[in-house]
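Visitor: Here you go, one structure.
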Amino acid sequence: MISSFIPLDDCLGSTHTVRVHLDKPITKSLVDHLSAGASLKYYPHFPKPFFRIDHPCFIAQGVTGNDHFRITYLGVARPLVQDAMWSLFPGTTARLPVAPGQDSGVPTEDQTR
Amino acid sequence: MIYLNNAATSYPRLPQVVEAVKRSLLAPPQEPGRCGFEDPLMACRSAIAKLYGVADPLRVLLTTSATLGCNQILFGLPLQAGSHVITSCMEHNSVLRPLNELAARNECSLSVLPLEDDGSLSIDRVGGALRPDTRLMAFVHVSNVTGAIFPVQALALLAAGRNVPLLIDDSQGAGLVPLDLASLPGKVFLVAAGHKALQGPPGTGFFIVPDAVSLSPWITGGTGVHSVEDRQPPMLPYRLEAGTPNSCGLAGLLAGVTHVLETTPAVLAEHRRTLAEHLVKHLPSPWTHIAPGATADYRAGVVSLVHPTMKPSEIGLMLQEIYGIETRWGLHCAPLAHRHLGTFPDGTLRIGLGEGNTIEEVEQLIEALHQSGNLT
């Protein structure tokens with residue numbers, strides 16, 4: 001399950017980068033789970049095995065053994081990425097952070113009336 | 001962790017800087033004019049003045065960042081419609097954005113000069129850009145992207161010859177590449193950050209002015225003194241410093257600058273140069289680096305790397321997560337530099353070497369670059 005999303009702003013304006021924190025270390029089987037329907041590159045020869053998953057709406061990168069990985073996505077894809085995270089990690093309630101100027105996706109009080 | 005992001009912020013903090021901040025916070029409040037104690041900031045001004053050969057420490061204005069200093073200078077100068085400003089493609093956004101804001105308000109027009117093919121800034125090109133209506137030249141001293149060192153002495157001579165003020169952004173060179181302001185002719189403004197090679201805490205910076213009257217106050221407000229005045233007091237530093245200062249941060253900056261003065265910029269730069277040259281000499285294929293100008297002067301300890309196929313952000317993450325090596329990837333707040341260098345929009349992987357780094361750490365970086373840059 002995802003415990004939190006931590007925004008990692010950088011100076012590249014076109015994408016959003018978020019560190020996804022999990023409640024347990026990443027295993028190879030979790031990497032395989034994450035890469036279902038996506039393209040996986042896995043490099044086990046590094047001191048810590050590194051993975052890159054090219055999902056249709058985000059890129060996930062990290063190393064097995066850590067309790068976090070990084071996702072990068074275009075701002076417009078945020079709702080799709082949010083759905084994907086919730087689907088990949090059932091039980092997750094954490095929400096992707098909203099970048100400045102980005103619609104939170106949460107209906108305002110007016111919109112719910 | 002191997003920390004190689006010193007071009008952004010120095011780390012680890014010097015113990016004396018930490019101690020100075022702690023001591024300041026634990027002492028009774030010392031904000032000048034507000035607490036009945038002796039002004040603790042004068043020592044910081046004096047140390048910075050000594051670093052730059054400035055006789056009057058009151059010409060050193062303490063602020064919270066180089067960006068704020070740039071804004072105070074650029075918005076404090078009498079630029080107006082019809083004013084022309086010359087700058088370069090290597091500037092940081094701390095200079096570029098205020099200039100672009102002024103241009104958008106039609107308060108100046110800009111000439112942004114490219115570098116020559118060998119990475120140098122041509123004084124002839126700058127001279128050729130001067131116009132009768134040129135009211136400012138604004139140049140970085142040391143590029144935060146490549147470490148290239150600009151010819152400040154020649155720029156000052158050129159500007160003084162045309163009676164044009166010169167703004168020097170010394171954020172990356174401060175404490176490493178000496179500048180003697182007393183030897184520079186004309187009206188010279190200098191701005192720098194405190195948290196890089198000067199080893200101060202984040203949230204510290206300063207700017208130096210040639211006199212008390214060239215700038216109008218851009219920020220006005222409380223000074224703790226001359227409270228009866230209905231406008232900003234006319235004398236330095238109050239004319240250009242308003243608001244409660246970051247006393248504890250500036251106490252840390254004083255400790256950092258004192259360290260630089262005692263160790264000397266030459267020694268500090270030589271260490272960085274040695275490490276940077278070792279990295280460049282042993283850079284594994286297929287990496288390339290962007291040379292810091294024709295003279296390949298690595299005193300700033302900045303080495304910008306490019307991989308032919310992998311993005312800096314991806315390599316940076318691999319270095320961070322696999323090897324525990326902290327670098328900086330991206331545009332480094334200098335987008336025009338990357339457009340000029342052909343590294344836009346992904347930028348470069350910047351290695352910022354610091355005085356805490358060792359040859360052994362650079363060796364580990366080289367091995368990590370070799371492994372991560374040769375995926376099969």
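Each chain in the structure tokens gets a letter, A, B and so on, in the order shown; residues start at 1 in every chain, and ligands are counted from 1 in the order they appear.
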Counting only C-alpha atoms, which residues of chain B fall within 10 Å of chain A, and what is the closest atom pair for each with its distance in Å at one decimal, ordered by chain and rising number, as CSV?
Guide:
residue,atom,partner,partner_atom,distance
B:Ser313,CA,A:Asp10,CA,9.3
B:Glu314,CA,A:Gln61,CA,8.1
B:Leu317,CA,A:Gly62,CA,7.8
B:Met318,CA,A:Phe50,CA,7.5
B:Gln320,CA,A:Gly62,CA,9.7
B:Glu321,CA,A:Val63,CA,6.6
B:Ile322,CA,A:Lys48,CA,5.4
B:Tyr323,CA,A:Pro47,CA,7.6
B:Arg328,CA,A:Asp10,CA,9.3
B:Trp329,CA,A:Asp10,CA,8.2
B:Gly330,CA,A:Cys11,CA,6.0
B:Leu331,CA,A:Cys11,CA,6.0
B:His332,CA,A:Cys11,CA,6.7
B:Cys333,CA,A:Cys11,CA,6.6
B:Ala334,CA,A:Cys11,CA,9.4
B:Pro335,CA,A:Cys11,CA,9.3
B:Phe344,CA,A:Leu12,CA,9.9
B:Pro345,CA,A:Leu12,CA,7.5
B:Asp346,CA,A:Leu12,CA,7.1
B:Gly347,CA,A:Leu12,CA,8.4
B:Ala368,CA,A:Phe46,CA,9.3
B:Gln371,CA,A:Phe46,CA,7.6
B:Ser372,CA,A:Phe46,CA,8.2
B:Leu375,CA,A:Tyr43,CA,7.9
B:Thr376,CA,A:Tyr43,CA,8.5
Visitor: Store the residues of this selection in a file with N, CA and C atoms, as a short mmCIF file (atom, residue, chain, number, x, y, z; two decimals), in the first residue's frame.
Guide:
data_model
loop_
_atom_site.label_atom_id
_atom_site.label_comp_id
_atom_site.auth_asym_id
_atom_site.auth_seq_id
_atom_site.Cartn_x
_atom_site.Cartn_y
_atom_site.Cartn_z
N SER B 313 17.97 13.45 -15.67
CA SER B 313 17.11 13.14 -14.54
C SER B 313 17.13 11.65 -14.22
N GLU B 314 17.24 10.82 -15.26
CA GLU B 314 17.25 9.38 -15.04
C GLU B 314 18.57 8.94 -14.42
N LEU B 317 18.80 10.05 -10.81
CA LEU B 317 18.06 9.17 -9.89
C LEU B 317 18.84 7.88 -9.62
N MET B 318 19.43 7.34 -10.67
CA MET B 318 20.20 6.11 -10.49
C MET B 318 21.38 6.36 -9.54
N GLN B 320 21.54 8.53 -7.27
CA GLN B 320 20.99 8.77 -5.94
C GLN B 320 20.55 7.48 -5.27
N GLU B 321 19.78 6.70 -5.99
CA GLU B 321 19.14 5.53 -5.38
C GLU B 321 20.06 4.32 -5.31
N ILE B 322 20.90 4.14 -6.31
CA ILE B 322 21.76 2.95 -6.33
C ILE B 322 23.04 3.19 -5.54
N TYR B 323 23.63 4.36 -5.75
CA TYR B 323 24.97 4.60 -5.20
C TYR B 323 24.99 5.60 -4.04
N ARG B 328 22.94 17.14 -9.22
CA ARG B 328 21.83 18.00 -9.62
C ARG B 328 21.61 17.81 -11.11
N TRP B 329 20.38 17.57 -11.47
CA TRP B 329 20.07 17.42 -12.90
C TRP B 329 19.08 18.49 -13.30
N GLY B 330 19.07 18.76 -14.61
CA GLY B 330 18.09 19.71 -15.12
C GLY B 330 18.75 20.96 -15.66
N LEU B 331 18.01 22.05 -15.57
CA LEU B 331 18.42 23.31 -16.20
C LEU B 331 19.18 24.23 -15.27
N HIS B 332 19.21 23.92 -13.99
CA HIS B 332 19.96 24.71 -13.02
C HIS B 332 19.56 26.19 -13.05
N CYS B 333 18.28 26.43 -13.29
CA CYS B 333 17.73 27.81 -13.29
C CYS B 333 18.42 28.70 -14.32
N ALA B 334 18.97 28.11 -15.35
CA ALA B 334 19.63 28.91 -16.38
C ALA B 334 19.21 28.39 -17.76
N PRO B 335 17.96 28.60 -18.13
CA PRO B 335 17.45 27.97 -19.35
C PRO B 335 18.14 28.44 -20.62
N PHE B 344 19.09 21.88 -23.99
CA PHE B 344 17.70 22.14 -23.64
C PHE B 344 16.83 21.08 -24.31
N PRO B 345 15.78 20.55 -23.72
CA PRO B 345 15.18 20.96 -22.45
C PRO B 345 15.57 20.09 -21.26
N ASP B 346 16.36 19.05 -21.49
CA ASP B 346 16.65 18.14 -20.38
C ASP B 346 17.76 18.63 -19.47
N GLY B 347 18.60 19.53 -19.99
CA GLY B 347 19.67 20.06 -19.17
C GLY B 347 20.85 19.11 -19.07
N ALA B 368 30.42 4.80 -10.87
CA ALA B 368 28.95 4.82 -10.97
C ALA B 368 28.51 5.37 -12.33
N GLN B 371 29.01 2.55 -14.82
CA GLN B 371 28.00 1.49 -14.74
C GLN B 371 26.64 1.98 -15.23
N SER B 372 26.22 3.12 -14.73
CA SER B 372 24.87 3.59 -15.07
C SER B 372 24.79 4.12 -16.49
N LEU B 375 24.24 0.90 -19.94
CA LEU B 375 23.22 -0.13 -19.75
C LEU B 375 23.14 -1.00 -20.99
N THR B 376 22.94 -2.27 -20.75
CA THR B 376 22.80 -3.17 -21.89
C THR B 376 21.44 -3.84 -21.84
#
Visitor: Write out as a CSV table (one decimal) with N, CA and C atoms, in the first residue's frame which residues come within 8 Å of A:His55 when counting only C-alpha atoms, dropping same-chain ones fewer than 6 positions away.
Guide:
chain,number,residue,atom,x,y,z
A,35,SER,N,4.7,-3.5,-13.4
A,35,SER,CA,4.9,-3.4,-14.9
A,35,SER,C,3.9,-4.2,-15.7
A,37,GLY,N,1.2,-4.7,-18.2
A,37,GLY,CA,0.7,-3.8,-19.2
A,37,GLY,C,1.6,-2.6,-19.5
A,38,ALA,N,2.8,-2.7,-19.0
A,38,ALA,CA,3.8,-1.7,-19.3
A,38,ALA,C,5.1,-2.3,-19.8
A,39,SER,N,6.1,-1.4,-20.0
A,39,SER,CA,7.4,-1.9,-20.5
A,39,SER,C,8.4,-1.8,-19.3
Visitor: Leaving out stretch 277-283 of chain B and any residue of its chain fewer than 2 positions from it, which residues lie within 8 Å of it when counting only C-alpha atoms, given as a list in words?
Guide: Arg273, Thr274, Leu275, Ser285, Trp287, Thr288, His289, Tyr298, Val303, Ile359, Val362, Glu363 and Ile366 of chain B
Visitor: Closest to B:Ala294 among B:Gly82, B:Leu115, B:Leu74, B:Leu268, using only C-alpha atoms?
Guide: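 Smallest separation from B:Ala294 among the options: B:Leu115.
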Visitor: As an MDAnalysis selection string, which residues of stretch 210-368 of chain B does DSSP assign to alpha helix (DSSP H)?
Guide: chainID B and resid 247:263 265:281 312:323 335:341 359:368
Visitor: Could you dump the residues just selected with C-alpha atoms as a PDB file, in the first residue's frame?
Guide:
ATOM      1  CA  SER B 247      20.246  37.457  12.244  1.00  0.00           C
ATOM      2  CA  CYS B 248      20.939  33.810  12.998  1.00  0.00           C
ATOM      3  CA  GLY B 249      21.500  32.990   9.345  1.00  0.00           C
ATOM      4  CA  LEU B 250      23.829  35.931   8.951  1.00  0.00           C
ATOM      5  CA  ALA B 251      25.720  34.832  12.055  1.00  0.00           C
ATOM      6  CA  GLY B 252      26.266  31.555  10.212  1.00  0.00           C
ATOM      7  CA  LEU B 253      27.306  33.420   7.083  1.00  0.00           C
ATOM      8  CA  LEU B 254      29.857  35.364   9.112  1.00  0.00           C
ATOM      9  CA  ALA B 255      31.333  32.078  10.320  1.00  0.00           C
ATOM     10  CA  GLY B 256      31.439  30.775   6.757  1.00  0.00           C
ATOM     11  CA  VAL B 257      33.059  33.888   5.301  1.00  0.00           C
ATOM     12  CA  THR B 258      35.559  33.929   8.155  1.00  0.00           C
ATOM     13  CA  HIS B 259      36.452  30.353   7.259  1.00  0.00           C
ATOM     14  CA  VAL B 260      36.922  31.359   3.616  1.00  0.00           C
ATOM     15  CA  LEU B 261      39.122  34.306   4.576  1.00  0.00           C
ATOM     16  CA  GLU B 262      41.261  32.150   6.842  1.00  0.00           C
ATOM     17  CA  THR B 263      41.568  29.239   4.411  1.00  0.00           C
ATOM     18  CA  PRO B 265      39.757  31.256  -1.807  1.00  0.00           C
ATOM     19  CA  ALA B 266      42.873  30.087  -3.624  1.00  0.00           C
ATOM     20  CA  VAL B 267      43.206  26.993  -1.437  1.00  0.00           C
ATOM     21  CA  LEU B 268      39.486  26.249  -1.529  1.00  0.00           C
ATOM     22  CA  ALA B 269      39.388  26.604  -5.315  1.00  0.00           C
ATOM     23  CA  GLU B 270      42.493  24.496  -5.821  1.00  0.00           C
ATOM     24  CA  HIS B 271      40.846  21.578  -4.031  1.00  0.00           C
ATOM     25  CA  ARG B 272      37.792  21.820  -6.254  1.00  0.00           C
ATOM     26  CA  ARG B 273      39.935  22.220  -9.362  1.00  0.00           C
ATOM     27  CA  THR B 274      41.941  19.092  -8.523  1.00  0.00           C
ATOM     28  CA  LEU B 275      38.787  17.022  -8.063  1.00  0.00           C
ATOM     29  CA  ALA B 276      37.111  18.415 -11.180  1.00  0.00           C
ATOM     30  CA  GLU B 277      40.126  17.813 -13.378  1.00  0.00           C
ATOM     31  CA  HIS B 278      40.384  14.261 -12.074  1.00  0.00           C
ATOM     32  CA  LEU B 279      36.766  13.658 -12.989  1.00  0.00           C
ATOM     33  CA  VAL B 280      37.127  15.171 -16.440  1.00  0.00           C
ATOM     34  CA  LYS B 281      40.343  13.274 -17.128  1.00  0.00           C
ATOM     35  CA  PRO B 312      20.136  13.664 -16.752  1.00  0.00           C
ATOM     36  CA  SER B 313      17.106  13.137 -14.540  1.00  0.00           C
ATOM     37  CA  GLU B 314      17.247   9.385 -15.044  1.00  0.00           C
ATOM     38  CA  ILE B 315      20.970   9.109 -14.423  1.00  0.00           C
ATOM     39  CA  GLY B 316      20.652  11.427 -11.457  1.00  0.00           C
ATOM     40  CA  LEU B 317      18.061   9.170  -9.889  1.00  0.00           C
ATOM     41  CA  MET B 318      20.203   6.112 -10.487  1.00  0.00           C
ATOM     42  CA  LEU B 319      23.183   7.760  -8.845  1.00  0.00           C
ATOM     43  CA  GLN B 320      20.991   8.772  -5.938  1.00  0.00           C
ATOM     44  CA  GLU B 321      19.143   5.534  -5.379  1.00  0.00           C
ATOM     45  CA  ILE B 322      21.763   2.955  -6.327  1.00  0.00           C
ATOM     46  CA  TYR B 323      24.967   4.596  -5.195  1.00  0.00           C
ATOM     47  CA  PRO B 335      17.449  27.970 -19.353  1.00  0.00           C
ATOM     48  CA  LEU B 336      19.131  30.201 -21.909  1.00  0.00           C
ATOM     49  CA  ALA B 337      22.478  28.606 -21.140  1.00  0.00           C
ATOM     50  CA  HIS B 338      21.077  25.228 -22.106  1.00  0.00           C
ATOM     51  CA  ARG B 339      19.490  26.565 -25.262  1.00  0.00           C
ATOM     52  CA  HIS B 340      22.882  27.964 -26.179  1.00  0.00           C
ATOM     53  CA  LEU B 341      24.761  24.793 -25.251  1.00  0.00           C
ATOM     54  CA  ILE B 359      39.404  11.963  -4.712  1.00  0.00           C
ATOM     55  CA  GLU B 360      38.028   8.645  -3.470  1.00  0.00           C
ATOM     56  CA  GLU B 361      34.483   9.995  -3.765  1.00  0.00           C
ATOM     57  CA  VAL B 362      35.191  11.186  -7.290  1.00  0.00           C
ATOM     58  CA  GLU B 363      36.519   7.711  -8.088  1.00  0.00           C
ATOM     59  CA  GLN B 364      33.247   6.238  -6.851  1.00  0.00           C
ATOM     60  CA  LEU B 365      31.342   8.706  -9.006  1.00  0.00           C
ATOM     61  CA  ILE B 366      33.401   7.734 -12.049  1.00  0.00           C
ATOM     62  CA  GLU B 367      32.637   4.062 -11.488  1.00  0.00           C
ATOM     63  CA  ALA B 368      28.951   4.823 -10.973  1.00  0.00           C
TER      64      ALA B 368
END
Visitor: What's around stretch 3-7 of chain B at 8 Å? Count only C-alpha atoms, leave out sequence neighbours fewer than 3 positions away in its own chain, and write the answer as number ranges by chain.
Guide: B: 10-11, 144, 172, 196-197, 301-302, 325-328, 350-354, 357
Visitor: If you count only C-alpha atoms, which residues fall within 8 Å of stretch 129-132 of chain B, apart from same-chain ones fewer than 4 positions away, as a PyMOL selection string?
Guide: chain B and resi 84+86+111+125
Visitor: Convert the current residue selection to file output with C-alpha atoms, as a tab-separated table (two decimals), in the first residue's frame.
Guide:
chain	number	residue	atom	x	y	z
B	84	HIS	CA	19.03	49.23	-22.94
B	86	ILE	CA	23.27	43.97	-22.09
B	111	SER	CA	20.50	42.31	-25.68
B	125	ARG	CA	30.98	41.30	-28.88
